[in-house]
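Presented below is the structure to which this report refers.
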Amino acid sequence: MPQAARRLGVARQGAQRVANDLVHEDLAAFHANPDHKGSPLLALTGNGHRTLEAITSRANRAHGVIAEGISPSELTAARDLLRRLIEQARRHQEHGPVDETP
């Protein structure tokens, strides 16, 4: 759980709650972790794989409809611009507002 939480940028407790919910819904199961006995591994169940495939299929269809008429180069440019904006917003958040007074 700690590694998953770090990768997702969330608190370990939040990731644990989501994992527990997935297990409760039979979408995932905990398995023994040979590298760390106190931290079990989480894996999708058959039901979890089917659910993920259904979500992915629906998302792919929606993306196709949303992107209809937009060229791949336009989508790439938009994605690159959004990444730059996000990175600039993160830098601004880390360093605080810029004082523009002379």
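In the structure tokens, chains take letters A, B, ... by order of appearance, with residues numbered from 1 within each chain and ligands from 1 in the order shown.
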Residue list (strand (DSSP E or B), DSSP) for chain A, as a PyMOL selection string: chain A and resi 28-31+41-44
Test item: residues at most 10 Å from Ser39 in chain A, only C-alpha atoms, excluding those fewer than 5 positions along its chain, as a count of residues only: 7
Test item, alpha helix (DSSP H) assignment across range 14-101 of chain A, answer as a count of residues only: 56
Distance query range 43-46 of chain A at most 6 Å, only C-alpha atoms, self and fewer than 2 positions along chain excluded, as number ranges by chain: A: 27-29, 48-49
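The interatomic distance for the pair CA of Asn60 in chain A and CA of Leu8 in chain A works out to 22.0 Å.
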Minimum-distance residue to Glu25 in chain A, chosen among A:Ala11, A:Arg91, A:Asn47, A:Glu53 (using only C-alpha atoms): A:Asn47
